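Everything below belongs to start-v6.cif, which stores mmCIF, C-alpha atoms.
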data_query
loop_
_atom_site.label_atom_id
_atom_site.label_comp_id
_atom_site.auth_asym_id
_atom_site.auth_seq_id
_atom_site.Cartn_x
_atom_site.Cartn_y
_atom_site.Cartn_z
CA MET D 9 -24.00 6.21 18.37
CA LEU D 10 -21.58 8.73 19.81
CA GLY D 11 -22.71 12.35 19.94
CA PRO D 12 -20.53 15.45 20.49
CA SER D 13 -20.67 15.22 24.29
CA ASP D 14 -19.97 11.46 24.22
CA VAL D 15 -16.87 11.95 22.07
CA ARG D 16 -15.50 14.74 24.25
CA GLU D 17 -16.21 12.85 27.48
CA LEU D 18 -14.54 9.73 26.14
CA ALA D 19 -11.52 11.70 25.01
CA LYS D 20 -11.28 13.44 28.39
CA ALA D 21 -11.58 10.17 30.28
CA LEU D 22 -8.79 8.64 28.19
CA GLY D 23 -6.63 11.74 28.31
CA VAL D 24 -6.74 11.90 24.51
CA ARG D 25 -6.08 15.09 22.60
CA PRO D 26 -6.41 14.83 18.81
CA THR D 27 -3.02 15.40 17.17
CA LYS D 28 -2.19 17.00 13.84
CA GLN D 29 0.76 14.62 13.56
CA ARG D 30 -1.64 11.71 13.12
CA GLY D 31 -4.26 13.72 11.26
CA GLN D 32 -6.85 13.04 13.93
CA ASN D 33 -10.25 14.67 13.53
CA PHE D 34 -12.98 12.71 15.27
CA VAL D 35 -16.49 12.59 13.80
CA ILE D 36 -19.02 13.81 16.36
CA ASP D 37 -22.21 13.73 14.28
CA ALA D 38 -24.28 10.53 14.32
CA ASN D 39 -26.14 11.48 11.14
CA THR D 40 -22.86 11.75 9.28
CA VAL D 41 -21.67 8.29 10.24
CA ARG D 42 -25.04 6.81 9.27
CA ARG D 43 -24.78 8.64 5.96
CA ILE D 44 -21.32 7.15 5.38
CA VAL D 45 -22.58 3.63 6.07
CA ARG D 46 -25.50 4.13 3.67
CA ALA D 47 -23.23 5.57 0.96
CA ALA D 48 -20.87 2.63 1.42
CA GLU D 49 -23.79 0.25 0.82
CA VAL D 50 -22.64 -1.93 3.70
CA ARG D 51 -24.40 -5.29 3.57
CA PRO D 52 -25.29 -7.70 6.42
CA GLU D 53 -22.74 -10.21 5.10
CA ASP D 54 -19.86 -7.71 4.78
CA VAL D 55 -16.59 -7.92 6.65
CA VAL D 56 -15.63 -4.26 6.89
CA LEU D 57 -12.10 -2.99 7.32
CA GLU D 58 -11.88 0.39 9.07
CA VAL D 59 -8.63 2.36 9.28
CA GLY D 60 -8.19 4.95 12.01
CA PRO D 61 -11.37 4.26 14.03
CA GLY D 62 -10.40 6.76 16.71
CA LEU D 63 -12.97 6.80 19.50
CA GLY D 64 -15.39 4.59 17.58
CA SER D 65 -18.09 6.83 16.09
CA LEU D 66 -18.03 5.16 12.67
CA THR D 67 -17.16 1.77 14.13
CA LEU D 68 -20.45 1.53 16.00
CA ALA D 69 -22.47 2.47 12.91
CA LEU D 70 -20.60 -0.12 10.86
CA LEU D 71 -21.24 -2.83 13.45
CA GLU D 72 -24.97 -2.12 13.17
CA ALA D 73 -24.91 -2.86 9.44
CA ALA D 74 -22.10 -5.35 8.76
CA ASP D 75 -21.39 -8.94 9.77
CA ARG D 76 -17.98 -8.05 11.18
CA VAL D 77 -15.70 -5.04 11.57
CA THR D 78 -11.92 -5.15 11.79
CA ALA D 79 -10.35 -1.83 12.77
CA VAL D 80 -6.69 -0.85 12.44
CA GLU D 81 -5.55 1.83 14.89
CA ILE D 82 -2.02 3.15 15.40
CA ASP D 83 -2.67 5.20 18.55
CA PRO D 84 -1.95 2.94 21.57
CA VAL D 85 -4.47 4.61 23.90
CA LEU D 86 -7.29 4.55 21.34
CA ALA D 87 -6.43 0.96 20.35
CA GLU D 88 -6.53 -0.20 23.96
CA HIS D 89 -9.89 1.35 24.80
CA LEU D 90 -11.97 0.99 21.64
CA PRO D 91 -12.93 -2.65 22.36
CA THR D 92 -14.22 -1.48 25.76
CA THR D 93 -16.33 1.21 24.11
CA VAL D 94 -17.78 -1.33 21.67
CA ALA D 95 -18.52 -3.81 24.47
CA ALA D 96 -20.23 -1.14 26.56
CA ARG D 97 -22.39 0.28 23.79
CA MET D 98 -23.04 -2.78 21.64
CA PRO D 99 -22.54 -5.81 23.88
CA ASP D 100 -24.47 -8.09 21.53
CA ARG D 101 -22.08 -7.24 18.67
CA ALA D 102 -18.79 -7.06 20.56
CA ASP D 103 -17.76 -10.52 19.39
CA ARG D 104 -18.06 -9.25 15.81
CA PHE D 105 -15.37 -6.62 16.37
CA THR D 106 -11.62 -7.03 16.10
CA LEU D 107 -9.01 -4.40 16.85
CA VAL D 108 -5.57 -4.49 15.25
CA HIS D 109 -3.05 -2.17 16.92
CA ALA D 110 -0.67 -1.31 14.08
CA ASP D 111 0.39 1.25 11.52
CA ALA D 112 -1.95 0.66 8.59
CA MET D 113 0.98 0.92 6.18
CA ASP D 114 2.55 -2.15 7.83
CA VAL D 115 -0.57 -4.33 7.74
CA THR D 116 -0.47 -7.10 5.15
CA GLU D 117 -2.74 -9.64 6.83
CA LEU D 118 -5.73 -9.48 9.17
CA PRO D 119 -7.30 -11.89 11.63
CA GLY D 120 -10.57 -13.54 10.72
CA PRO D 121 -12.38 -13.61 7.38
CA PRO D 122 -10.92 -11.47 4.55
CA PRO D 123 -12.41 -7.98 4.33
CA THR D 124 -15.00 -7.34 1.62
CA ALA D 125 -15.30 -3.58 2.12
CA LEU D 126 -13.13 -0.70 3.29
CA VAL D 127 -14.93 2.15 5.04
CA ALA D 128 -12.87 4.77 6.81
CA ASN D 129 -12.38 8.36 7.85
CA LEU D 130 -8.77 8.40 6.71
CA PRO D 131 -6.23 10.62 8.45
CA TYR D 132 -5.61 13.58 6.17
CA ASN D 133 -1.83 13.31 6.16
CA VAL D 134 -1.65 9.68 4.96
CA ALA D 135 -4.96 9.16 3.18
CA VAL D 136 -3.70 8.31 -0.32
CA PRO D 137 -0.84 5.95 0.60
CA VAL D 138 -3.04 4.12 3.12
CA LEU D 139 -5.87 3.71 0.61
CA LEU D 140 -3.56 2.42 -2.14
CA HIS D 141 -1.79 0.09 0.28
CA MET D 142 -5.05 -1.45 1.48
CA LEU D 143 -6.33 -1.95 -2.07
CA ALA D 144 -3.06 -3.68 -2.98
CA ALA D 145 -2.77 -5.77 0.19
CA PHE D 146 -6.37 -6.98 0.29
CA PRO D 147 -7.76 -7.88 -3.14
CA SER D 148 -10.86 -9.26 -1.40
CA ILE D 149 -12.01 -5.66 -0.85
CA ASP D 150 -14.50 -5.07 -3.64
CA ARG D 151 -16.01 -1.78 -2.39
CA SER D 152 -14.49 1.16 -0.57
CA LEU D 153 -15.87 4.41 0.75
CA VAL D 154 -13.37 6.76 2.30
CA MET D 155 -13.71 10.22 3.78
CA VAL D 156 -10.72 12.39 2.90
CA GLN D 157 -9.79 16.04 2.52
CA SER D 158 -11.94 17.56 -0.24
CA GLU D 159 -8.92 18.36 -2.37
CA VAL D 160 -7.72 14.76 -2.10
CA ALA D 161 -11.19 13.51 -3.03
CA ASP D 162 -11.04 15.65 -6.17
CA ARG D 163 -7.64 14.21 -7.09
CA LEU D 164 -8.65 10.61 -6.54
CA ALA D 165 -11.79 10.95 -8.65
CA ALA D 166 -10.29 13.15 -11.41
CA ARG D 167 -10.39 12.05 -15.02
CA PRO D 168 -7.68 12.51 -17.69
CA GLY D 169 -7.50 16.12 -18.82
CA ASN D 170 -8.57 17.51 -15.45
CA LYS D 171 -6.03 19.91 -13.94
CA VAL D 172 -5.94 17.94 -10.67
CA TYR D 173 -5.56 14.57 -12.40
CA GLY D 174 -2.32 13.01 -11.23
CA VAL D 175 -0.61 10.11 -9.50
CA PRO D 176 -3.43 9.36 -7.00
CA SER D 177 -6.01 9.44 -9.81
CA VAL D 178 -4.14 6.97 -12.03
CA LYS D 179 -3.10 4.57 -9.28
CA ALA D 180 -6.57 4.45 -7.72
CA ASN D 181 -8.01 3.78 -11.15
CA TRP D 182 -5.69 0.78 -11.54
CA TYR D 183 -7.73 -0.92 -8.82
CA ALA D 184 -11.18 0.54 -9.09
CA GLU D 185 -13.82 2.71 -10.68
CA VAL D 186 -13.54 5.89 -8.66
CA LYS D 187 -16.08 8.65 -8.11
CA ARG D 188 -16.94 11.34 -5.60
CA SER D 189 -19.91 10.49 -3.40
CA GLY D 190 -20.61 13.73 -1.62
CA ALA D 191 -19.21 16.51 0.51
CA ILE D 192 -18.78 16.69 4.27
CA GLY D 193 -18.68 19.97 6.18
CA ARG D 194 -16.19 20.89 8.87
CA ASN D 195 -18.61 21.12 11.77
CA VAL D 196 -19.11 17.34 12.04
CA PHE D 197 -15.55 16.92 13.34
CA TRP D 198 -13.77 17.59 16.60
CA PRO D 199 -11.54 19.45 16.33
CA ALA D 200 -12.97 21.13 13.23
CA PRO D 201 -10.40 20.96 10.42
CA ASN D 202 -9.46 23.98 8.31
CA VAL D 203 -10.74 22.28 5.15
CA ASP D 204 -13.86 20.52 3.97
CA SER D 205 -13.96 16.77 3.41
CA GLY D 206 -15.31 14.58 0.64
CA LEU D 207 -16.51 11.01 0.25
CA VAL D 208 -14.89 8.87 -2.43
CA SER D 209 -16.38 5.61 -3.67
CA LEU D 210 -14.16 2.93 -5.20
CA VAL D 211 -15.61 -0.21 -6.77
CA ARG D 212 -13.00 -2.87 -7.52
CA ARG D 213 -12.41 -3.72 -11.17
CA GLU D 214 -9.92 -5.85 -13.03
CA PRO D 215 -6.66 -3.97 -13.65
CA PRO D 216 -5.75 -3.16 -17.25
CA LYS D 217 -4.74 -6.15 -19.33
CA THR D 218 -1.00 -5.78 -19.68
CA THR D 219 2.20 -7.78 -19.65
CA ALA D 220 3.76 -5.13 -17.38
CA THR D 221 3.61 -5.52 -13.62
CA ARG D 222 1.81 -3.03 -11.42
CA ALA D 223 5.17 -1.78 -10.14
CA GLN D 224 6.39 -1.21 -13.70
CA VAL D 225 3.25 0.72 -14.60
CA PHE D 226 3.39 2.80 -11.44
CA ALA D 227 7.04 3.66 -12.17
CA VAL D 228 5.92 5.24 -15.46
CA VAL D 229 3.14 7.12 -13.67
CA ASP D 230 5.55 8.47 -11.07
CA ALA D 231 8.03 9.57 -13.74
CA ALA D 232 5.36 11.23 -15.89
CA PHE D 233 4.04 13.37 -13.03
CA ALA D 234 7.37 14.13 -11.33
CA GLN D 235 7.71 16.93 -13.88
CA ARG D 236 4.08 17.31 -14.90
CA ARG D 237 4.60 20.44 -16.99
CA LYS D 238 7.00 18.65 -19.30
CA THR D 239 5.95 16.62 -22.29
CA LEU D 240 6.13 12.86 -21.93
CA ARG D 241 9.23 12.77 -24.14
CA ALA D 242 11.08 14.90 -21.59
CA ALA D 243 9.42 13.61 -18.42
CA LEU D 244 10.13 9.97 -19.25
CA ALA D 245 13.72 10.53 -20.42
CA GLY D 246 15.16 9.31 -17.13
CA TRP D 247 12.87 6.28 -17.06
CA ALA D 248 13.68 5.32 -20.65
CA GLY D 249 17.36 6.28 -20.65
CA SER D 250 17.13 9.31 -22.93
CA PRO D 251 14.54 11.58 -24.58
CA ALA D 252 14.95 9.68 -27.84
CA ALA D 253 14.40 6.34 -26.11
CA ALA D 254 11.32 7.75 -24.40
CA GLU D 255 9.95 8.91 -27.74
CA GLN D 256 10.54 5.46 -29.18
CA ALA D 257 8.72 3.76 -26.30
CA LEU D 258 5.82 6.18 -26.59
CA ALA D 259 5.53 5.58 -30.31
CA ALA D 260 5.50 1.82 -29.75
CA ALA D 261 2.70 2.31 -27.22
CA GLY D 262 0.72 4.49 -29.61
CA VAL D 263 1.04 7.60 -27.43
CA ASP D 264 1.92 11.05 -28.76
CA HIS D 265 5.23 12.08 -27.20
CA ARG D 266 4.07 15.71 -27.10
CA LEU D 267 1.34 14.96 -24.58
CA ARG D 268 1.67 15.40 -20.82
CA GLY D 269 0.92 12.79 -18.19
CA GLU D 270 -2.38 14.43 -17.24
CA ALA D 271 -3.82 13.45 -20.64
CA LEU D 272 -3.27 9.68 -20.29
CA THR D 273 -5.47 6.89 -18.98
CA VAL D 274 -4.13 4.10 -16.78
CA GLU D 275 -4.38 1.79 -19.80
CA GLN D 276 -2.05 4.07 -21.77
CA PHE D 277 0.45 4.13 -18.93
CA ALA D 278 0.35 0.33 -18.92
CA ALA D 279 1.03 0.27 -22.67
CA ILE D 280 4.05 2.54 -22.20
CA ALA D 281 5.39 0.32 -19.41
CA GLU D 282 5.32 -2.64 -21.78
CA HIS D 283 7.68 -0.86 -24.16
CA ARG D 284 10.41 0.31 -21.79
CA PRO D 285 13.71 0.13 -23.69
CA THR D 286 16.13 -2.56 -22.61
CA PRO D 287 19.38 -1.04 -21.32
CA ALA D 288 22.29 -1.68 -23.65
#

So that I can check it, write out the structure of this file as structure tokens.
Amino acid sequence: MLGPSDVRELAKALGVRPTKQRGQNFVIDANTVRRIVRAAEVRPEDVVLEVGPGLGSLTLALLEAADRVTAVEIDPVLAEHLPTTVAARMPDRADRFTLVHADAMDVTELPGPPPTALVANLPYNVAVPVLLHMLAAFPSIDRSLVMVQSEVADRLAARPGNKVYGVPSVKANWYAEVKRSGAIGRNVFWPAPNVDSGLVSLVRREPPKTTATRAQVFAVVDAAFAQRRKTLRAALAGWAGSPAAAEQALAAAGVDHRLRGEALTVEQFAAIAEHRPTPA
């Protein structure tokens, strides 16, 4: 495992300075990475996908527990040197590691066996879109454990009626059962961020049974929360064509037009999507 001095020495040797632009905060505490692997319930047969491996702290812990690890890294310097770090510290497992140098948002296929789990310390500035993209692109992922900003963790795991329930909550719930799995302090990172972090567990489930496509359902979700203080009748007016058409669609879906988006489940959003009025 990499300790604080190991991480700093590696970074210095590579000339790496963590950047806010890429949301880089490297984990420097071995106990934390072991805790993440345990919470993720990584199994010996798992093919783990890691996004943003950085200098490799979590990568090494994952390689101890999983069959294989595929890491996606956008930073060219980190991507070039991580295989060397793995080979030096875990030579007997180096052939189980694959590095993909790419922007995670552009990745739609991976070398080797399909991933069964996603475990990652996601960059704060792109955590939600990256998570949703990976869940959509790789249906073979049945379990995920991600470390994100605490506020983002709250949003992802929120239930209908919660004041932070919103677009990330609904869309994540399309793919999985979502729950918070613990808190992470600031002192386990270098540099220490200005906010605490949280672990979020996602266990894949079947999406709601609906005749609407995922894109159609997500369009309703986006419209409902674009003006979250408005009632659904008003918020969905643009989506439906008019407030009256929105009210008609909501009635057909069995949803009270006076409600706001924060009150609805993903199943209710799917029902609304099925009843979008046909343009005249």

Translate the PyMOL selection byres ((chain D and resi 195-212) around 8) into a concrete residue list for this structure, as a PyMOL selection string. chain D and resi 26+33-37+40+48+149-159+161+164-165+183-194+213-214

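Among the candidates D:Leu10, D:Val160, D:Ala281, D:Ala87, the one nearest to Asp111 in chain D when counting only C-alpha atoms is D:Ala87.
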
Could you write out as a PyMOL selection string the residues that the PyMOL selection byres ((chain D and resi 55) around 12) matches in the shown file? chain D and resi 50-54+56-58+70-71+73-79+104-106+118-127+148-152

Go through D:Pro285, D:Pro215, D:Pro91, D:Pro131 and flag the residue nearest Leu63 in chain D, using all atoms listed in the file for the distances. D:Pro91

On this structure, the PyMOL selection byres ((chain D and resi 273) around 12) would catch which residues? List them as a PDB file with C-alpha atoms, in the frame of the given file, sorted by chain and number.
ATOM      1  CA  ALA D 166     -10.290  13.150 -11.410  1.00  0.00           C
ATOM      2  CA  ARG D 167     -10.390  12.050 -15.020  1.00  0.00           C
ATOM      3  CA  PRO D 168      -7.680  12.510 -17.690  1.00  0.00           C
ATOM      4  CA  GLY D 169      -7.500  16.120 -18.820  1.00  0.00           C
ATOM      5  CA  ASN D 170      -8.570  17.510 -15.450  1.00  0.00           C
ATOM      6  CA  TYR D 173      -5.560  14.570 -12.400  1.00  0.00           C
ATOM      7  CA  GLY D 174      -2.320  13.010 -11.230  1.00  0.00           C
ATOM      8  CA  VAL D 175      -0.610  10.110  -9.500  1.00  0.00           C
ATOM      9  CA  SER D 177      -6.010   9.440  -9.810  1.00  0.00           C
ATOM     10  CA  VAL D 178      -4.140   6.970 -12.030  1.00  0.00           C
ATOM     11  CA  LYS D 179      -3.100   4.570  -9.280  1.00  0.00           C
ATOM     12  CA  ALA D 180      -6.570   4.450  -7.720  1.00  0.00           C
ATOM     13  CA  ASN D 181      -8.010   3.780 -11.150  1.00  0.00           C
ATOM     14  CA  TRP D 182      -5.690   0.780 -11.540  1.00  0.00           C
ATOM     15  CA  PRO D 216      -5.750  -3.160 -17.250  1.00  0.00           C
ATOM     16  CA  VAL D 225       3.250   0.720 -14.600  1.00  0.00           C
ATOM     17  CA  VAL D 229       3.140   7.120 -13.670  1.00  0.00           C
ATOM     18  CA  VAL D 263       1.040   7.600 -27.430  1.00  0.00           C
ATOM     19  CA  LEU D 267       1.340  14.960 -24.580  1.00  0.00           C
ATOM     20  CA  ARG D 268       1.670  15.400 -20.820  1.00  0.00           C
ATOM     21  CA  GLY D 269       0.920  12.790 -18.190  1.00  0.00           C
ATOM     22  CA  GLU D 270      -2.380  14.430 -17.240  1.00  0.00           C
ATOM     23  CA  ALA D 271      -3.820  13.450 -20.640  1.00  0.00           C
ATOM     24  CA  LEU D 272      -3.270   9.680 -20.290  1.00  0.00           C
ATOM     25  CA  VAL D 274      -4.130   4.100 -16.780  1.00  0.00           C
ATOM     26  CA  GLU D 275      -4.380   1.790 -19.800  1.00  0.00           C
ATOM     27  CA  GLN D 276      -2.050   4.070 -21.770  1.00  0.00           C
ATOM     28  CA  PHE D 277       0.450   4.130 -18.930  1.00  0.00           C
ATOM     29  CA  ALA D 278       0.350   0.330 -18.920  1.00  0.00           C
ATOM     30  CA  ALA D 279       1.030   0.270 -22.670  1.00  0.00           C
ATOM     31  CA  ILE D 280       4.050   2.540 -22.200  1.00  0.00           C
TER      32      ILE D 280
END
